[in-house]
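Printed here is target.txt (compact mmCIF, C-alpha atoms and all ligand atoms):
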# COMPACT_ATOMS: atom_id res chain seq x y z
CA MET A 1 133.74 -33.78 -81.24
CA HIS A 2 132.11 -36.93 -82.49
CA THR A 3 129.18 -37.10 -84.85
CA ARG A 4 127.37 -40.27 -85.71
CA LEU A 5 125.03 -39.82 -88.64
CA GLN A 6 121.85 -41.67 -87.91
CA LYS A 7 120.03 -42.89 -90.98
CA ILE A 8 116.57 -44.44 -90.86
CA VAL A 9 114.83 -45.81 -93.89
CA VAL A 10 111.22 -46.74 -93.32
CA PRO A 11 109.41 -48.37 -96.20
CA PHE A 12 105.69 -47.68 -96.45
CA GLU A 13 103.33 -49.83 -98.43
CA TYR A 14 99.57 -49.63 -98.64
CA PRO A 15 97.01 -51.16 -100.96
CA VAL A 16 94.64 -48.83 -102.81
CA VAL A 17 91.64 -50.93 -103.82
CA PHE A 18 89.07 -49.90 -106.44
CA THR A 19 85.78 -51.58 -105.71
CA SER A 20 82.05 -51.02 -105.39
CA ASP A 21 79.44 -52.01 -102.84
CA LEU A 22 82.08 -52.25 -100.12
CA PHE A 23 79.80 -53.41 -97.29
CA ASN A 24 78.08 -56.11 -99.28
CA ILE A 25 78.88 -59.23 -97.26
CA ALA A 26 80.26 -60.91 -100.38
CA ASN A 27 82.81 -58.12 -100.90
CA ASN A 28 86.10 -59.17 -99.30
CA ALA A 29 88.01 -55.93 -99.85
CA LEU A 30 87.83 -54.76 -96.21
CA VAL A 31 88.46 -58.23 -94.78
CA ASP A 32 91.47 -58.67 -97.04
CA VAL A 33 93.15 -55.40 -96.13
CA VAL A 34 92.54 -55.86 -92.40
CA ARG A 35 93.98 -59.39 -92.50
CA ARG A 36 96.88 -58.43 -94.74
CA GLN A 37 99.56 -58.52 -92.02
CA GLU A 38 98.03 -60.82 -89.40
CA PRO A 39 95.54 -63.18 -91.05
CA ASN A 40 94.95 -65.27 -87.94
CA ARG A 41 93.93 -62.66 -85.43
CA LEU A 42 90.75 -60.89 -84.45
CA HIS A 43 91.00 -57.23 -85.38
CA ARG A 44 89.56 -54.26 -83.54
CA THR A 45 87.95 -51.56 -85.61
CA PHE A 46 86.38 -48.18 -84.96
CA PHE A 47 84.31 -46.57 -87.71
CA VAL A 48 83.99 -42.84 -88.32
CA ILE A 49 81.33 -41.67 -90.78
CA ASP A 50 80.88 -38.29 -92.49
CA ASP A 51 77.35 -37.07 -91.72
CA GLY A 52 76.82 -36.12 -95.37
CA VAL A 53 77.49 -39.75 -96.29
CA TYR A 54 75.35 -41.02 -93.44
CA SER A 55 72.31 -38.99 -94.45
CA ALA A 56 72.68 -40.17 -98.04
CA TRP A 57 73.18 -43.80 -96.95
CA PRO A 58 70.95 -44.22 -93.88
CA ASN A 59 71.49 -47.99 -93.80
CA LEU A 60 75.24 -47.60 -93.56
CA LYS A 61 75.53 -48.32 -89.82
CA SER A 62 73.41 -51.46 -90.06
CA ASP A 63 75.25 -52.57 -93.23
CA ILE A 64 78.57 -52.20 -91.40
CA ALA A 65 77.24 -54.09 -88.36
CA ALA A 66 75.98 -56.91 -90.60
CA TYR A 67 79.31 -57.00 -92.44
CA LEU A 68 81.35 -57.23 -89.23
CA GLU A 69 79.00 -59.89 -87.89
CA ALA A 70 79.23 -61.94 -91.10
CA HIS A 71 83.02 -61.76 -90.88
CA SER A 72 83.31 -62.38 -87.15
CA GLU A 73 86.36 -64.59 -87.78
CA THR A 74 88.18 -61.37 -88.72
CA PHE A 75 86.56 -58.60 -86.68
CA ALA A 76 86.24 -58.28 -82.91
CA PRO A 77 82.97 -56.71 -81.78
CA SER A 78 83.21 -52.97 -82.24
CA ALA A 79 81.60 -49.83 -80.89
CA GLU A 80 78.80 -47.98 -82.67
CA PRO A 81 80.24 -45.91 -85.56
CA HIS A 82 80.86 -42.27 -84.73
CA VAL A 83 79.21 -39.78 -87.08
CA VAL A 84 81.08 -36.49 -87.55
CA ILE A 85 80.07 -33.28 -89.27
CA GLY A 86 80.99 -33.39 -92.97
CA GLY A 87 82.78 -30.89 -95.18
CA GLU A 88 85.12 -28.09 -94.15
CA PRO A 89 83.47 -27.55 -90.71
CA ALA A 90 85.05 -30.90 -89.76
CA LYS A 91 88.46 -29.27 -90.22
CA SER A 92 87.63 -25.83 -88.90
CA ASP A 93 86.15 -26.69 -85.51
CA PRO A 94 88.93 -27.97 -83.20
CA THR A 95 86.42 -29.65 -80.88
CA GLU A 96 85.77 -32.23 -83.63
CA VAL A 97 89.34 -33.50 -83.22
CA THR A 98 89.18 -33.50 -79.44
CA ARG A 99 85.87 -35.35 -79.41
CA LEU A 100 87.23 -38.04 -81.71
CA GLN A 101 90.47 -38.37 -79.73
CA GLU A 102 88.38 -38.77 -76.58
CA LEU A 103 86.30 -41.52 -78.18
CA LEU A 104 89.38 -43.34 -79.38
CA PHE A 105 90.74 -43.10 -75.84
CA HIS A 106 87.52 -44.36 -74.21
CA ASN A 107 87.31 -47.22 -76.68
CA ARG A 108 90.88 -48.16 -75.77
CA LEU A 109 92.10 -48.36 -79.31
CA ASP A 110 95.70 -49.57 -79.45
CA ARG A 111 98.38 -49.30 -82.09
CA GLN A 112 97.21 -52.46 -83.82
CA SER A 113 93.58 -51.29 -83.98
CA PHE A 114 91.97 -49.89 -87.10
CA VAL A 115 90.18 -46.61 -87.54
CA VAL A 116 88.05 -46.89 -90.67
CA VAL A 117 87.06 -43.45 -91.90
CA ILE A 118 84.26 -43.13 -94.44
CA GLY A 119 83.88 -39.67 -95.87
CA GLY A 120 84.95 -36.77 -98.01
CA GLY A 121 88.43 -35.28 -98.04
CA ALA A 122 87.67 -32.98 -95.14
CA VAL A 123 86.56 -35.75 -92.77
CA LEU A 124 89.46 -37.96 -93.89
CA ASP A 125 91.88 -35.12 -93.19
CA MET A 126 90.42 -34.42 -89.74
CA ALA A 127 89.95 -38.02 -88.60
CA GLY A 128 93.33 -38.99 -90.05
CA TYR A 129 94.93 -36.19 -88.08
CA ALA A 130 93.21 -37.31 -84.88
CA ALA A 131 94.09 -40.99 -85.46
CA SER A 132 97.71 -40.14 -86.22
CA THR A 133 98.08 -38.51 -82.81
CA ILE A 134 96.70 -41.42 -80.77
CA HIS A 135 99.57 -43.54 -79.47
CA ARG A 136 101.58 -41.74 -82.17
CA GLY A 137 99.51 -43.32 -84.89
CA LEU A 138 96.73 -45.87 -85.21
CA ARG A 139 96.17 -47.90 -88.34
CA MET A 140 93.93 -45.87 -90.57
CA ILE A 141 91.83 -47.27 -93.38
CA ARG A 142 90.41 -44.59 -95.62
CA VAL A 143 87.14 -45.04 -97.44
CA PRO A 144 86.96 -41.86 -99.54
CA THR A 145 83.44 -41.00 -100.68
CA THR A 146 83.98 -38.03 -102.99
CA VAL A 147 85.58 -37.77 -106.41
CA LEU A 148 88.23 -35.49 -104.96
CA ALA A 149 89.11 -37.81 -102.11
CA GLN A 150 89.11 -40.92 -104.32
CA ASN A 151 91.45 -39.50 -106.93
CA ASP A 152 93.57 -37.19 -104.80
CA SER A 153 93.45 -36.51 -101.09
CA GLY A 154 92.35 -39.96 -99.88
CA VAL A 155 95.14 -41.86 -101.60
CA GLY A 156 97.95 -39.64 -100.32
CA VAL A 157 99.90 -39.38 -97.08
CA LYS A 158 98.70 -36.12 -95.53
CA ASN A 159 96.21 -35.21 -92.83
CA GLY A 160 95.32 -31.86 -91.42
CA ILE A 161 92.95 -29.32 -89.99
CA ASN A 162 92.56 -25.57 -90.30
CA ALA A 163 93.71 -23.33 -87.45
CA PHE A 164 94.38 -19.63 -86.85
CA ASP A 165 92.44 -18.81 -89.99
CA THR A 166 94.93 -20.82 -92.02
CA LYS A 167 94.04 -23.81 -94.14
CA ASN A 168 95.78 -27.06 -93.09
CA PHE A 169 97.88 -25.24 -90.49
CA LEU A 170 97.98 -28.29 -88.20
CA GLY A 171 98.67 -31.65 -89.73
CA THR A 172 100.69 -34.81 -90.00
CA PHE A 173 102.23 -37.03 -92.63
CA ALA A 174 100.86 -40.49 -91.96
CA PRO A 175 100.45 -43.00 -94.78
CA PRO A 176 97.22 -44.97 -94.41
CA PHE A 177 97.12 -48.71 -93.77
CA ALA A 178 94.88 -49.07 -96.83
CA VAL A 179 92.54 -47.10 -99.06
CA LEU A 180 89.26 -48.53 -100.28
CA ASN A 181 87.81 -46.52 -103.15
CA ASP A 182 84.17 -47.55 -103.47
CA PHE A 183 82.80 -46.00 -106.68
CA SER A 184 79.18 -46.59 -105.64
CA PHE A 185 79.41 -43.95 -102.89
CA LEU A 186 79.78 -41.26 -105.57
CA ALA A 187 76.16 -41.79 -106.70
CA THR A 188 74.80 -39.56 -103.95
CA LEU A 189 77.13 -36.61 -104.45
CA GLU A 190 75.83 -33.26 -105.63
CA HIS A 191 76.79 -32.47 -109.21
CA ARG A 192 79.01 -29.60 -108.07
CA ASP A 193 81.05 -32.01 -105.92
CA LEU A 194 81.46 -34.43 -108.82
CA MET A 195 82.87 -31.66 -110.99
CA ALA A 196 84.94 -30.06 -108.22
CA GLY A 197 86.67 -33.40 -107.66
CA THR A 198 87.31 -33.79 -111.37
CA ALA A 199 89.34 -30.56 -111.21
CA GLU A 200 92.06 -32.43 -109.27
CA ALA A 201 92.27 -35.09 -112.01
CA ILE A 202 92.74 -32.26 -114.51
CA LYS A 203 95.45 -30.83 -112.25
CA VAL A 204 97.49 -34.01 -112.14
CA ALA A 205 97.05 -34.44 -115.91
CA LEU A 206 98.33 -30.90 -116.46
CA ILE A 207 101.52 -31.39 -114.50
CA ARG A 208 102.28 -35.00 -115.47
CA ASP A 209 100.34 -36.53 -118.31
CA GLY A 210 99.31 -34.78 -121.50
CA VAL A 211 97.76 -37.95 -122.93
CA PHE A 212 95.38 -38.13 -119.96
CA PHE A 213 94.53 -34.46 -120.52
CA ASP A 214 93.66 -35.24 -124.18
CA TRP A 215 91.44 -38.09 -122.97
CA LEU A 216 89.69 -35.81 -120.45
CA GLU A 217 89.12 -33.28 -123.20
CA GLN A 218 87.68 -35.89 -125.56
CA ASN A 219 85.35 -37.14 -122.83
CA VAL A 220 84.20 -33.82 -121.43
CA ASP A 221 80.50 -34.45 -122.16
CA ARG A 222 80.53 -37.93 -120.64
CA LEU A 223 82.40 -36.60 -117.62
CA CYS A 224 79.94 -33.77 -117.25
CA LYS A 225 77.13 -36.33 -117.11
CA PHE A 226 79.36 -38.45 -114.89
CA GLU A 227 78.70 -41.59 -116.92
CA ASP A 228 79.85 -44.58 -114.89
CA GLU A 229 82.50 -46.09 -117.11
CA THR A 230 84.18 -42.82 -118.10
CA ALA A 231 83.93 -41.35 -114.61
CA SER A 232 85.40 -44.40 -112.90
CA LYS A 233 88.25 -44.44 -115.41
CA MET A 234 88.91 -40.76 -114.65
CA VAL A 235 88.92 -41.36 -110.89
CA ARG A 236 91.24 -44.33 -111.20
CA LYS A 237 93.70 -42.67 -113.57
CA GLY A 238 93.72 -39.53 -111.39
CA ALA A 239 94.46 -41.66 -108.32
CA GLU A 240 97.18 -43.60 -110.12
CA LEU A 241 98.94 -40.42 -111.23
CA HIS A 242 98.77 -38.98 -107.72
CA LEU A 243 100.12 -42.25 -106.29
CA GLU A 244 102.87 -42.42 -108.88
CA HIS A 245 103.89 -38.88 -108.07
CA ILE A 246 104.06 -39.57 -104.33
CA ALA A 247 106.02 -42.79 -104.88
CA THR A 248 108.52 -41.47 -107.42
CA SER A 249 109.01 -37.78 -106.74
CA GLY A 250 111.59 -38.58 -104.08
CA ASP A 251 109.88 -36.35 -101.53
CA PRO A 252 106.69 -37.96 -100.26
CA PHE A 253 106.82 -36.05 -96.95
CA GLU A 254 107.50 -32.75 -98.66
CA PHE A 255 110.79 -31.83 -97.00
CA GLY A 256 111.86 -29.87 -100.06
CA MET A 257 110.38 -26.72 -101.51
CA ALA A 258 108.71 -28.15 -104.58
CA ARG A 259 104.98 -28.96 -104.50
CA PRO A 260 103.97 -29.92 -108.03
CA LEU A 261 100.71 -31.42 -106.79
CA ASP A 262 99.84 -27.99 -105.49
CA PHE A 263 99.61 -26.53 -109.00
CA GLY A 264 96.96 -23.81 -108.85
CA HIS A 265 96.72 -24.11 -105.07
CA TRP A 266 98.46 -20.97 -103.78
CA SER A 267 95.46 -18.89 -104.78
CA ALA A 268 92.94 -21.72 -104.33
CA HIS A 269 93.66 -22.05 -100.62
CA LYS A 270 93.37 -18.30 -100.17
CA LEU A 271 90.12 -18.13 -102.15
CA GLU A 272 88.65 -20.91 -100.03
CA SER A 273 89.28 -19.03 -96.82
CA MET A 274 88.34 -15.64 -98.34
CA THR A 275 84.96 -17.05 -99.33
CA GLY A 276 84.44 -18.63 -95.91
CA TYR A 277 84.68 -22.01 -97.67
CA ALA A 278 81.65 -21.26 -99.83
CA LEU A 279 83.87 -22.37 -102.70
CA ARG A 280 84.59 -26.09 -102.66
CA HIS A 281 88.28 -26.98 -102.66
CA GLY A 282 88.08 -28.33 -106.23
CA GLU A 283 86.16 -25.26 -107.41
CA ALA A 284 88.84 -23.00 -105.95
CA VAL A 285 91.52 -25.18 -107.57
CA ALA A 286 89.81 -24.75 -110.96
CA ILE A 287 90.07 -20.96 -110.59
CA GLY A 288 93.64 -21.24 -109.29
CA MET A 289 94.68 -23.42 -112.24
CA ALA A 290 93.10 -21.00 -114.72
CA LEU A 291 94.97 -18.13 -113.05
CA ASP A 292 98.30 -19.97 -113.17
CA ALA A 293 97.69 -21.14 -116.74
CA TYR A 294 97.08 -17.50 -117.78
CA TYR A 295 100.18 -16.55 -115.81
CA SER A 296 102.20 -19.26 -117.59
CA VAL A 297 101.23 -17.59 -120.89
CA GLU A 298 102.15 -14.15 -119.48
CA ALA A 299 105.54 -15.58 -118.45
CA GLY A 300 106.14 -16.90 -121.97
CA LEU A 301 106.04 -20.54 -120.92
CA LEU A 302 102.72 -21.78 -122.27
CA SER A 303 101.10 -21.15 -125.63
CA PRO A 304 97.81 -19.19 -125.59
CA GLU A 305 96.21 -22.12 -127.46
CA ASP A 306 97.10 -24.58 -124.69
CA CYS A 307 95.85 -22.11 -122.08
CA GLU A 308 92.57 -21.88 -123.95
CA ARG A 309 92.26 -25.68 -124.01
CA ILE A 310 92.68 -25.75 -120.23
CA ALA A 311 90.13 -22.99 -119.65
CA ALA A 312 87.68 -24.61 -122.08
CA LEU A 313 87.94 -28.02 -120.40
CA LEU A 314 87.27 -26.52 -116.97
CA GLU A 315 84.37 -24.48 -118.29
CA GLY A 316 83.10 -27.50 -120.22
CA LEU A 317 82.65 -29.22 -116.87
CA GLY A 318 80.73 -26.23 -115.58
CA LEU A 319 83.59 -25.06 -113.36
CA ALA A 320 83.70 -21.29 -113.01
CA LEU A 321 87.04 -19.56 -113.65
CA TRP A 322 86.02 -16.55 -111.65
CA ASP A 323 84.92 -15.68 -108.14
CA ASP A 324 84.33 -12.14 -106.89
CA ALA A 325 86.90 -12.72 -104.14
CA LEU A 326 89.57 -12.61 -106.86
CA ASP A 327 89.62 -8.86 -107.20
CA ARG A 328 88.97 -7.97 -103.58
CA ILE A 329 91.47 -5.37 -102.37
CA GLY A 330 93.07 -5.83 -98.95
CA PRO A 331 93.90 -3.12 -96.37
CA ASP A 332 97.38 -2.73 -97.90
CA GLY A 333 95.87 -1.77 -101.26
CA ARG A 334 96.97 -5.04 -102.90
CA LEU A 335 94.75 -7.76 -104.24
CA GLU A 336 93.88 -9.81 -101.17
CA VAL A 337 94.43 -13.09 -103.02
CA LEU A 338 98.14 -12.19 -103.29
CA LYS A 339 98.41 -12.93 -99.58
CA GLY A 340 97.98 -16.53 -100.65
CA LEU A 341 101.38 -16.30 -102.29
CA ASP A 342 102.93 -14.95 -99.07
CA GLU A 343 101.29 -17.73 -97.06
CA PHE A 344 102.47 -20.36 -99.54
CA ARG A 345 106.02 -19.00 -99.27
CA GLU A 346 105.84 -19.06 -95.47
CA HIS A 347 104.47 -22.59 -95.49
CA LEU A 348 107.36 -23.73 -97.68
CA GLY A 349 109.91 -22.19 -95.36
CA GLY A 350 110.91 -18.94 -97.00
CA GLU A 351 111.75 -19.68 -100.61
CA LEU A 352 108.80 -19.61 -102.94
CA THR A 353 108.40 -22.54 -105.32
CA VAL A 354 105.35 -22.51 -107.54
CA THR A 355 104.58 -24.93 -110.33
CA LEU A 356 103.60 -23.35 -113.62
CA LEU A 357 103.06 -25.02 -116.99
CA GLN A 358 105.43 -25.13 -119.91
CA GLY A 359 103.02 -27.28 -121.85
CA ILE A 360 100.06 -29.53 -121.18
CA GLY A 361 101.41 -32.36 -119.06
CA GLN A 362 104.61 -30.48 -118.20
CA GLY A 363 104.95 -28.61 -114.94
CA LEU A 364 107.82 -26.21 -114.36
CA GLU A 365 108.99 -24.85 -111.02
CA VAL A 366 109.58 -21.15 -110.65
CA HIS A 367 110.70 -19.15 -107.63
CA THR A 368 109.14 -15.78 -108.28
CA MET A 369 105.79 -14.57 -109.47
CA ASP A 370 105.37 -11.01 -110.62
CA GLU A 371 102.48 -9.22 -108.91
CA GLY A 372 101.79 -7.02 -111.90
CA LYS A 373 101.44 -10.07 -114.13
CA ILE A 374 99.12 -11.73 -111.62
CA VAL A 375 96.95 -8.61 -111.57
CA ARG A 376 96.77 -8.71 -115.39
CA CYS A 377 95.74 -12.38 -115.30
CA VAL A 378 93.01 -11.61 -112.78
CA GLU A 379 91.77 -8.91 -115.18
CA ARG A 380 91.75 -11.41 -118.05
CA LEU A 381 89.73 -13.88 -116.00
CA ARG A 382 87.26 -11.14 -115.12
CA ALA A 383 86.95 -10.16 -118.78
CA ARG A 384 86.47 -13.81 -119.77
CA ARG A 385 83.57 -14.12 -117.37
CA ARG A 386 81.88 -11.14 -118.98
CA GLY A 387 82.42 -12.87 -122.34
N1 LIG B 1 95.22 -34.46 -97.49
C1 LIG B 1 95.42 -34.06 -98.72
O1 LIG B 1 96.45 -34.39 -99.33
C2 LIG B 1 94.39 -33.23 -99.42
C3 LIG B 1 94.49 -33.03 -100.81
C4 LIG B 1 93.48 -32.32 -101.46
C5 LIG B 1 92.40 -31.84 -100.72
N2 LIG B 1 92.34 -32.06 -99.38
C6 LIG B 1 91.22 -31.55 -98.58
O2 LIG B 1 90.02 -32.21 -98.94
C7 LIG B 1 88.92 -31.37 -98.56
C8 LIG B 1 87.85 -31.38 -99.63
O3 LIG B 1 87.36 -32.68 -99.73
P1 LIG B 1 86.14 -33.09 -100.69
O4 LIG B 1 86.22 -32.35 -101.96
O5 LIG B 1 86.16 -34.55 -100.69
O6 LIG B 1 84.86 -32.48 -100.00
P2 LIG B 1 84.30 -32.49 -98.51
O7 LIG B 1 84.98 -33.50 -97.68
O8 LIG B 1 84.35 -31.08 -98.08
O9 LIG B 1 82.79 -32.96 -98.73
C9 LIG B 1 81.86 -32.15 -99.43
C10 LIG B 1 80.44 -32.47 -98.96
O10 LIG B 1 80.02 -33.75 -99.45
C11 LIG B 1 79.49 -34.56 -98.40
N3 LIG B 1 79.71 -35.94 -98.83
C12 LIG B 1 80.87 -36.64 -98.83
N4 LIG B 1 80.68 -37.82 -99.43
C13 LIG B 1 79.38 -37.88 -99.82
C14 LIG B 1 78.60 -38.85 -100.50
N5 LIG B 1 79.14 -39.98 -100.98
N6 LIG B 1 77.28 -38.58 -100.71
C15 LIG B 1 76.74 -37.40 -100.30
N7 LIG B 1 77.43 -36.44 -99.66
C16 LIG B 1 78.75 -36.68 -99.43
C17 LIG B 1 80.20 -34.10 -97.18
O11 LIG B 1 79.43 -34.33 -96.02
C18 LIG B 1 80.31 -32.58 -97.44
O12 LIG B 1 79.14 -31.93 -97.07
C19 LIG B 1 89.51 -30.00 -98.34
O13 LIG B 1 89.53 -29.73 -96.95
C20 LIG B 1 90.93 -30.11 -98.85
O14 LIG B 1 91.83 -29.27 -98.18
C21 LIG B 1 93.31 -32.75 -98.73
ZN ZN B 2 93.85 -29.96 -103.92

Could you write out this file's structure as structure tokens?
Ligand SMILES: NC(=O)c1ccc[n+]([C@@H]2O[C@H](COP(=O)([O-])OP(=O)(O)OC[C@H]3O[C@@H](n4cnc5c(N)ncnc54)[C@H](O)[C@@H]3O)[C@@H](O)[C@H]2O)c1
Ligand SMILES: [Zn+2]
Amino acid sequence: MHTRLQKIVVPFEYPVVFTSDLFNIANNALVDVVRRQEPNRLHRTFFVIDDGVYSAWPNLKSDIAAYLEAHSETFAPSAEPHVVIGGEPAKSDPTEVTRLQELLFHNRLDRQSFVVVIGGGAVLDMAGYAASTIHRGLRMIRVPTTVLAQNDSGVGVKNGINAFDTKNFLGTFAPPFAVLNDFSFLATLEHRDLMAGTAEAIKVALIRDGVFFDWLEQNVDRLCKFEDETASKMVRKGAELHLEHIATSGDPFEFGMARPLDFGHWSAHKLESMTGYALRHGEAVAIGMALDAYYSVEAGLLSPEDCERIAALLEGLGLALWDDALDRIGPDGRLEVLKGLDEFREHLGGELTVTLLQGIGQGLEVHTMDEGKIVRCVERLRARRRG
């Protein structure tokens, strides 16, 4: 027998740019990232736009056309941008992926071409998934347009769609070519989306950075009003912590069992699907974090005072810590949300690893969660809602 151990190390590097007014002709952010590797070539681009963004920014197509025209030394003429349905339906309807793949095929995009996706986390996940399957991966530039996507999903390395009634069942790891975070896009978001996205910044603070949590707490009123300076600082710090985690955790493609960035997510994912996606991802994460913070107290890891600070910050932003789906009973007589734990375990490959808190800013991995304790935490959340 002979075994040769093949080892491949592939470095990934992508700029994450914080800017505003991206398609103003004087803004060079897009030109710079496209020219980063081959400054002297014409580059082919294909734009995908979230329909929620497009209705809020009706001049977007003409602004993009004017931008490409003004920078014709960089961009080859490109097809009309493709508008896709926004929000979770983008990920839940498989024909969205097929239609986009077909368009990328008909437009003869090659491995050096760019797909520039402008949208919320759902559209970025869906279009990123489609783009990563064309010729085994086109160059994707993400332009996240929600708070959640700018501080979390858009800066990471994952794509995916929902299938077989399971969130993110199909997906790929594919680092983007670049990320352009344009703060001005956030101006047209509904208030609930601003706050839902802020929940992910709270999440990353809770598992990694207590000082950032203190800052969020001190600025809760300004964040609630989404005042420019404070809000952009929150988005940027949230993104930096997510990026730092991906770069330094030693497991960017999640081969291991640990998923610290999924703090609060085992129940959040289940609640999203149980509510037919009526709950936004960030809203479900707020509930999931409250549940796991209460559980951390139950497990003797977190002080009740710290748990109260977490709950108060979420509530201070207007995020509910309760949804009626939480105490729905399934056919087996158990709380239906507990199936989220089974699904999380299955997704990880058998052994459960859940991040709890042993302090604010300090995640801790555990491998079991006691159903009885979870039920008690659900009861506490219900009681809290009643005041
Ligand atoms: N890939 C990852 O690592 C990762 C991480 C976290 C979350 N996610 C995914 O992200 C998705 C949630 O993303 P989201 O919170 O960004 O919401 P979203 O993409 O569902 O968008 C919410 C709504 O806002 C609209 N919209 C987007 N930008 C807008 C703008 N600037 N102005 C007006 N309307 C706008 C959309 O059309 C949609 O109707 C979930 O599917 C979640 O699973 C992925
Ligand atoms: Zn999330």

Surrounding residues as a list in words, ligand LIG 1 (chain B), max 6 Å, only C-alpha atoms and all ligand atoms: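 Counting only C-alpha atoms and all ligand atoms, the residues within 6 Å of ligand LIG 1 (chain B) come out as Asp50, Asp51, Gly52, Val53, Ala56, Gly86, Gly87, Glu88, Gly119, Gly120, Gly121, Ala122, Val123, Asp125, Thr145, Thr146, Leu148, Ala149, Asp152, Ser153, Gly156, Lys158, Asn159, Phe185, Leu186, Thr188, Leu189, Gly197 and His281 of chain A.
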
Give the residue list for ligand ZN 2 (chain B) at 7 Å, counting only C-alpha atoms and all ligand atoms, as JSON, numbers by chain, sorted by chain and then by residue number. {"A": [200, 262, 265, 281, 282, 285]}

Which polymer residues, protein or nucleic acid, are no farther than 10 Å from (106.3, -43.9, -97.4), counting all atoms listed in the file, as a ChimeraX atom specification? /A:9-14,156-157,173-176,246-247,251-253

Measure the distance from CA of His82 (chain A) to CA of Val48 (chain A) in Å and round it to one decimal.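 Separating CA of His82 (chain A) from CA of Val48 (chain A) is a distance of 4.8 Å.
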
From the options A:Ser267, A:Thr353, A:Thr248, A:Gln218, which residue's atoms come nearest to Ala290 (chain A), counting all atoms listed in the file?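 Of the candidates, the smallest distance to Ala290 (chain A) is held by A:Ser267.
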
At a cut-off of 10 Å, using only C-alpha atoms, what residues contact region 61-68 of chain A? Leave out same-chain residues fewer than 5 positions from it and give the result as a ChimeraX atom specification. /A:22-28,30-31,45,47,49,54,73-83

In Å, how far is it from CA of Arg142 (chain A) to CA of Asp93 (chain A)? 21.0 Å

I'd like to know which of A:Arg4, A:Leu348, A:Ser296, A:Leu321 is closest to Asp370 (chain A), using all atoms listed in the file.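 Comparing A:Arg4, A:Leu348, A:Ser296, A:Leu321 against Asp370 (chain A), the winner is A:Ser296.
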
Distance query Arg259 (chain A) at most 12 Å, only C-alpha atoms, self and fewer than 6 positions along chain excluded, as a ChimeraX atom specification: /A:204,207,245-246,249-253,265-266,344-345,347-348,352-356,363-367

If we count only C-alpha atoms and set the cut-off at 9 Å, which residues sit around Phe226 (chain A), ignoring sequence neighbours fewer than 4 positions away in its own chain? Please answer as a list in words. His191, Leu194, Met195, Asp221, Arg222, Thr230, Ala231 and Ser232 of chain A

Go ahead and save the picked residues with C-alpha atoms, as a PDB file, in the coordinates of the input.
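Result file follows (again.pdb):
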ATOM      1  CA  HIS A 191      76.790 -32.470-109.210  1.00  0.00           C
ATOM      2  CA  LEU A 194      81.460 -34.430-108.820  1.00  0.00           C
ATOM      3  CA  MET A 195      82.870 -31.660-110.990  1.00  0.00           C
ATOM      4  CA  ASP A 221      80.500 -34.450-122.160  1.00  0.00           C
ATOM      5  CA  ARG A 222      80.530 -37.930-120.640  1.00  0.00           C
ATOM      6  CA  THR A 230      84.180 -42.820-118.100  1.00  0.00           C
ATOM      7  CA  ALA A 231      83.930 -41.350-114.610  1.00  0.00           C
ATOM      8  CA  SER A 232      85.400 -44.400-112.900  1.00  0.00           C
TER       9      SER A 232
END

Find the residue from A:Asn151, A:Asn59, A:Phe114, A:Ser20 that sits nearest to Arg236 (chain A); use all atoms listed in the file when measuring.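 Distance minimum relative to Arg236 (chain A) lands on A:Asn151.
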
Looking at only C-alpha atoms, which of A:Pro260, A:Ala325, A:Ser72, A:Pro304 is the one that sits closest to Ala284 (chain A)?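 Nearest to Ala284 (chain A): A:Ala325.
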
From the set A:Gly276, A:Gly154, A:Gly256, A:Gly349, which residue has the shortest atom-to-atom contact distance to Glu240 (chain A), counting all atoms listed in the file?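 Ranking A:Gly276, A:Gly154, A:Gly256, A:Gly349 by distance to Glu240 (chain A), first place goes to A:Gly154.
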
When you draw a straight line from CA of Leu60 (chain A) to CA of Arg111 (chain A), how long is it in Å?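 These two atoms are separated by 25.9 Å.
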
Return as JSON the box centre and box size in Å, one decimal, for an axis-aligned box around all listed atoms of region 340-355 of chain A padded by 6 Å per side.
{"center_x": 104.9, "center_y": -19.9, "center_z": -102.8, "size_x": 25.8, "size_y": 22.0, "size_z": 27.0}

With distances taken over all atoms listed in the file, which residue among A:Leu381, A:Leu357, A:Met369, A:Leu302 lies nearest Trp322 (chain A)? A:Leu381

What's around Trp215 (chain A) at 10 Å? Count all atoms listed in the file, leave out sequence neighbours fewer than 4 positions away in its own chain, and write the answer as a list in words. Ala205, Gly210, Val211, Asn219, Val220, Thr230 and Met234 of chain A

Can region 232-236 of chain A be brought up to N, CA and C atoms and written out as an mmCIF file, in the frame of the given file?
data_model
loop_
_atom_site.group_PDB
_atom_site.id
_atom_site.type_symbol
_atom_site.label_atom_id
_atom_site.label_comp_id
_atom_site.auth_asym_id
_atom_site.auth_seq_id
_atom_site.Cartn_x
_atom_site.Cartn_y
_atom_site.Cartn_z
ATOM 1 N N SER A 232 84.564 -43.550 -113.753
ATOM 2 C CA SER A 232 85.400 -44.400 -112.900
ATOM 3 C C SER A 232 86.810 -44.494 -113.468
ATOM 4 N N LYS A 233 86.917 -44.429 -114.791
ATOM 5 C CA LYS A 233 88.250 -44.440 -115.410
ATOM 6 C C LYS A 233 89.013 -43.151 -115.025
ATOM 7 N N MET A 234 88.286 -42.035 -115.017
ATOM 8 C CA MET A 234 88.910 -40.760 -114.650
ATOM 9 C C MET A 234 89.408 -40.800 -113.202
ATOM 10 N N VAL A 235 88.559 -41.303 -112.307
ATOM 11 C CA VAL A 235 88.920 -41.360 -110.890
ATOM 12 C C VAL A 235 90.159 -42.245 -110.703
ATOM 13 N N ARG A 236 90.143 -43.380 -111.378
ATOM 14 C CA ARG A 236 91.240 -44.330 -111.200
ATOM 15 C C ARG A 236 92.547 -43.793 -111.769
#
